[in-house]
Amino acid sequence: MRKYSYPIQVAALIGWLVLCYTASAVGALGSFQAQTFYGQLVQPSWAPPPWLFGPVWTLLYTMMGVSVWMIWRRGGWSSNRFAIGSFCVQLVVNALWSWVFFAWQLGGAAFVNIVLLWLLIALTIAVFWRISKLAAVLLIPYLLWVSFAAALNLSLWIANPHILG
């Protein structure tokens with residue numbers, strides 16, 4: 001395992017967090033009108049209030065950044081190329097979902113996107129598990145939230161075919 005100096009480790013943690021928050025910002029650009037759009041959808045009784053999404057995603061992106069940083073600390077990109085690569089791919093798919101659902105209003109495509117995201121998160125957890133169990137465990141709340149979001153996506157798509165058709 002490669003050893004990094006404390007300043008490099010801190011800079012890397014900040015860098016991974018910035019990458020995760022950047023993905024969040026890209027998704028947020030696609031959901032600029034999300035509150036208005038989400039409010040006009042027929043929603044299931046179990047749908048969370050709109051204000052809950054921001055704090056939950058902020059916590060999840062923070063945990064994701066710490067998780068990938070822990071993997072990076074175990075030998076960097078060269079030793080963990082597949083693990084870090086799978087993390088980065090799922091991050092791109094994550095950012096894309098908001099665009100597909102909110103900006104382009106494609107319920108079916110958003111559902112396919114979120115199922116793909118779920119599979120990629122599960123793969124990332126499995127790969128991280130072999131390197132750092134704690135890093136993998138930090139991604140489990142993310143997988144659970146995306147599971148819930150997938151069920152919500154499907155429910156909204158079915159209940160709103162005139163909008164999300």
# chains A, B, ... in the order shown; residues from 1 in each chain; ligands from 1
call {"tool": "closest_atom_pairs", "arguments": {"of": "region 25-83 of chain A", "to": "region 95-100 of chain A", "cutoff": "6 Å", "atoms": "only C-alpha atoms", "output": "CSV"}}
result
residue,atom,partner,partner_atom,distance
A:Val26,CA,A:Ala95,CA,6.0
A:Gly27,CA,A:Ala95,CA,4.4
A:Gly30,CA,A:Trp99,CA,4.3
A:Ser31,CA,A:Ser98,CA,5.6
call {"tool": "residues_around", "arguments": {"residues": "region 64-68 of chain A", "least_positions_apart": "6", "cutoff": "10 Å", "atoms": "only C-alpha atoms", "output": "PDB file with N, CA and C atoms, in the first residue's frame"}}
result
ATOM      1  N   ALA A  12      -6.514  15.360  -1.255  1.00  0.00           N
ATOM      2  CA  ALA A  12      -7.258  14.336  -1.994  1.00  0.00           C
ATOM      3  C   ALA A  12      -8.685  14.214  -1.477  1.00  0.00           C
ATOM      4  N   LEU A  13      -8.854  14.246  -0.158  1.00  0.00           N
ATOM      5  CA  LEU A  13     -10.215  14.189   0.393  1.00  0.00           C
ATOM      6  C   LEU A  13     -11.043  15.355  -0.123  1.00  0.00           C
ATOM      7  N   ILE A  14     -10.467  16.537  -0.084  1.00  0.00           N
ATOM      8  CA  ILE A  14     -11.170  17.715  -0.598  1.00  0.00           C
ATOM      9  C   ILE A  14     -11.479  17.533  -2.083  1.00  0.00           C
ATOM     10  N   GLY A  15     -10.522  17.014  -2.829  1.00  0.00           N
ATOM     11  CA  GLY A  15     -10.736  16.785  -4.264  1.00  0.00           C
ATOM     12  C   GLY A  15     -11.862  15.806  -4.535  1.00  0.00           C
ATOM     13  N   TRP A  16     -11.912  14.700  -3.798  1.00  0.00           N
ATOM     14  CA  TRP A  16     -12.992  13.721  -3.996  1.00  0.00           C
ATOM     15  C   TRP A  16     -14.343  14.307  -3.599  1.00  0.00           C
ATOM     16  N   LEU A  17     -14.362  15.084  -2.513  1.00  0.00           N
ATOM     17  CA  LEU A  17     -15.614  15.729  -2.121  1.00  0.00           C
ATOM     18  C   LEU A  17     -16.067  16.732  -3.189  1.00  0.00           C
ATOM     19  N   VAL A  18     -15.118  17.499  -3.712  1.00  0.00           N
ATOM     20  CA  VAL A  18     -15.453  18.463  -4.778  1.00  0.00           C
ATOM     21  C   VAL A  18     -15.995  17.730  -5.998  1.00  0.00           C
ATOM     22  N   LEU A  19     -15.396  16.602  -6.352  1.00  0.00           N
ATOM     23  CA  LEU A  19     -15.899  15.826  -7.489  1.00  0.00           C
ATOM     24  C   LEU A  19     -17.346  15.388  -7.241  1.00  0.00           C
ATOM     25  N   CYS A  20     -17.620  14.878  -6.050  1.00  0.00           N
ATOM     26  CA  CYS A  20     -18.984  14.426  -5.738  1.00  0.00           C
ATOM     27  C   CYS A  20     -19.963  15.597  -5.727  1.00  0.00           C
ATOM     28  N   TYR A  21     -19.569  16.711  -5.125  1.00  0.00           N
ATOM     29  CA  TYR A  21     -20.456  17.880  -5.099  1.00  0.00           C
ATOM     30  C   TYR A  21     -20.622  18.489  -6.493  1.00  0.00           C
ATOM     31  N   THR A  58     -27.071  15.738   0.168  1.00  0.00           N
ATOM     32  CA  THR A  58     -25.828  16.340   0.666  1.00  0.00           C
ATOM     33  C   THR A  58     -25.082  15.351   1.544  1.00  0.00           C
ATOM     34  N   ALA A  83     -11.969  -0.111  -9.269  1.00  0.00           N
ATOM     35  CA  ALA A  83     -12.842   0.359  -8.187  1.00  0.00           C
ATOM     36  C   ALA A  83     -13.152   1.850  -8.334  1.00  0.00           C
ATOM     37  N   ILE A  84     -12.118   2.646  -8.525  1.00  0.00           N
ATOM     38  CA  ILE A  84     -12.319   4.093  -8.663  1.00  0.00           C
ATOM     39  C   ILE A  84     -13.046   4.402  -9.965  1.00  0.00           C
ATOM     40  N   PHE A  87     -16.706   3.723  -9.524  1.00  0.00           N
ATOM     41  CA  PHE A  87     -17.286   4.812  -8.743  1.00  0.00           C
ATOM     42  C   PHE A  87     -17.572   6.023  -9.641  1.00  0.00           C
ATOM     43  N   CYS A  88     -16.598   6.382 -10.467  1.00  0.00           N
ATOM     44  CA  CYS A  88     -16.755   7.557 -11.337  1.00  0.00           C
ATOM     45  C   CYS A  88     -17.864   7.362 -12.363  1.00  0.00           C
ATOM     46  N   LEU A  91     -21.140   7.834 -10.729  1.00  0.00           N
ATOM     47  CA  LEU A  91     -21.334   9.250 -10.426  1.00  0.00           C
ATOM     48  C   LEU A  91     -21.884  10.000 -11.644  1.00  0.00           C
ATOM     49  N   THR A 124     -20.030  -1.186  -7.397  1.00  0.00           N
ATOM     50  CA  THR A 124     -19.024  -0.390  -6.695  1.00  0.00           C
ATOM     51  C   THR A 124     -18.879  -0.852  -5.246  1.00  0.00           C
ATOM     52  N   ILE A 125     -19.991  -1.124  -4.592  1.00  0.00           N
ATOM     53  CA  ILE A 125     -19.933  -1.626  -3.213  1.00  0.00           C
ATOM     54  C   ILE A 125     -19.186  -2.957  -3.170  1.00  0.00           C
ATOM     55  N   PHE A 128     -15.494  -2.244  -3.788  1.00  0.00           N
ATOM     56  CA  PHE A 128     -14.925  -1.552  -2.630  1.00  0.00           C
ATOM     57  C   PHE A 128     -14.766  -2.515  -1.453  1.00  0.00           C
ATOM     58  N   SER A 132     -11.795  -2.136   1.105  1.00  0.00           N
ATOM     59  CA  SER A 132     -12.079  -1.549   2.413  1.00  0.00           C
ATOM     60  C   SER A 132     -13.553  -1.757   2.731  1.00  0.00           C
ATOM     61  N   LYS A 133     -13.811  -2.562   3.747  1.00  0.00           N
ATOM     62  CA  LYS A 133     -15.195  -2.831   4.127  1.00  0.00           C
ATOM     63  C   LYS A 133     -15.896  -1.544   4.573  1.00  0.00           C
ATOM     64  N   LEU A 134     -15.192  -0.696   5.301  1.00  0.00           N
ATOM     65  CA  LEU A 134     -15.795   0.556   5.755  1.00  0.00           C
ATOM     66  C   LEU A 134     -16.179   1.448   4.568  1.00  0.00           C
ATOM     67  N   ALA A 135     -15.313   1.533   3.565  1.00  0.00           N
ATOM     68  CA  ALA A 135     -15.633   2.329   2.370  1.00  0.00           C
ATOM     69  C   ALA A 135     -16.884   1.787   1.692  1.00  0.00           C
ATOM     70  N   ALA A 136     -17.008   0.477   1.641  1.00  0.00           N
ATOM     71  CA  ALA A 136     -18.197  -0.144   1.041  1.00  0.00           C
ATOM     72  C   ALA A 136     -19.440   0.149   1.875  1.00  0.00           C
ATOM     73  N   VAL A 137     -19.319   0.034   3.185  1.00  0.00           N
ATOM     74  CA  VAL A 137     -20.460   0.272   4.077  1.00  0.00           C
ATOM     75  C   VAL A 137     -20.954   1.714   3.957  1.00  0.00           C
ATOM     76  N   LEU A 138     -20.043   2.650   3.736  1.00  0.00           N
ATOM     77  CA  LEU A 138     -20.447   4.057   3.576  1.00  0.00           C
ATOM     78  C   LEU A 138     -21.355   4.267   2.365  1.00  0.00           C
ATOM     79  N   LEU A 139     -21.321   3.347   1.398  1.00  0.00           N
ATOM     80  CA  LEU A 139     -22.161   3.470   0.205  1.00  0.00           C
ATOM     81  C   LEU A 139     -23.521   2.780   0.362  1.00  0.00           C
ATOM     82  N   ILE A 140     -23.713   2.013   1.405  1.00  0.00           N
ATOM     83  CA  ILE A 140     -24.988   1.297   1.568  1.00  0.00           C
ATOM     84  C   ILE A 140     -26.177   2.247   1.727  1.00  0.00           C
ATOM     85  N   PRO A 141     -26.088   3.331   2.522  1.00  0.00           N
ATOM     86  CA  PRO A 141     -27.233   4.259   2.570  1.00  0.00           C
ATOM     87  C   PRO A 141     -27.573   4.846   1.198  1.00  0.00           C
ATOM     88  N   TYR A 142     -26.565   5.083   0.395  1.00  0.00           N
ATOM     89  CA  TYR A 142     -26.748   5.569  -0.975  1.00  0.00           C
ATOM     90  C   TYR A 142     -27.540   4.552  -1.797  1.00  0.00           C
TER      91      TYR A 142
END
call {"tool": "atom_distance", "arguments": {"atom1": "CA of Asn153 (chain A)", "atom2": "CA of Trp118 (chain A)"}}
result
12.7 Å
call {"tool": "atom_distance", "arguments": {"atom1": "CA of Ala25 (chain A)", "atom2": "CA of Trp72 (chain A)"}}
result
22.7 Å
call {"tool": "select_by_dssp", "arguments": {"residues": "region 32-101 of chain A", "states": "alpha helix (DSSP H)", "output": "ChimeraX atom specification"}}
result
/A:34-39,53-73,76-79,81-98
call {"tool": "closest_residue", "arguments": {"among": "A:Leu59, A:Ala47, A:Leu120, A:Val112", "to": "Phe148 (chain A)", "atoms": "only C-alpha atoms"}}
result
A:Ala47
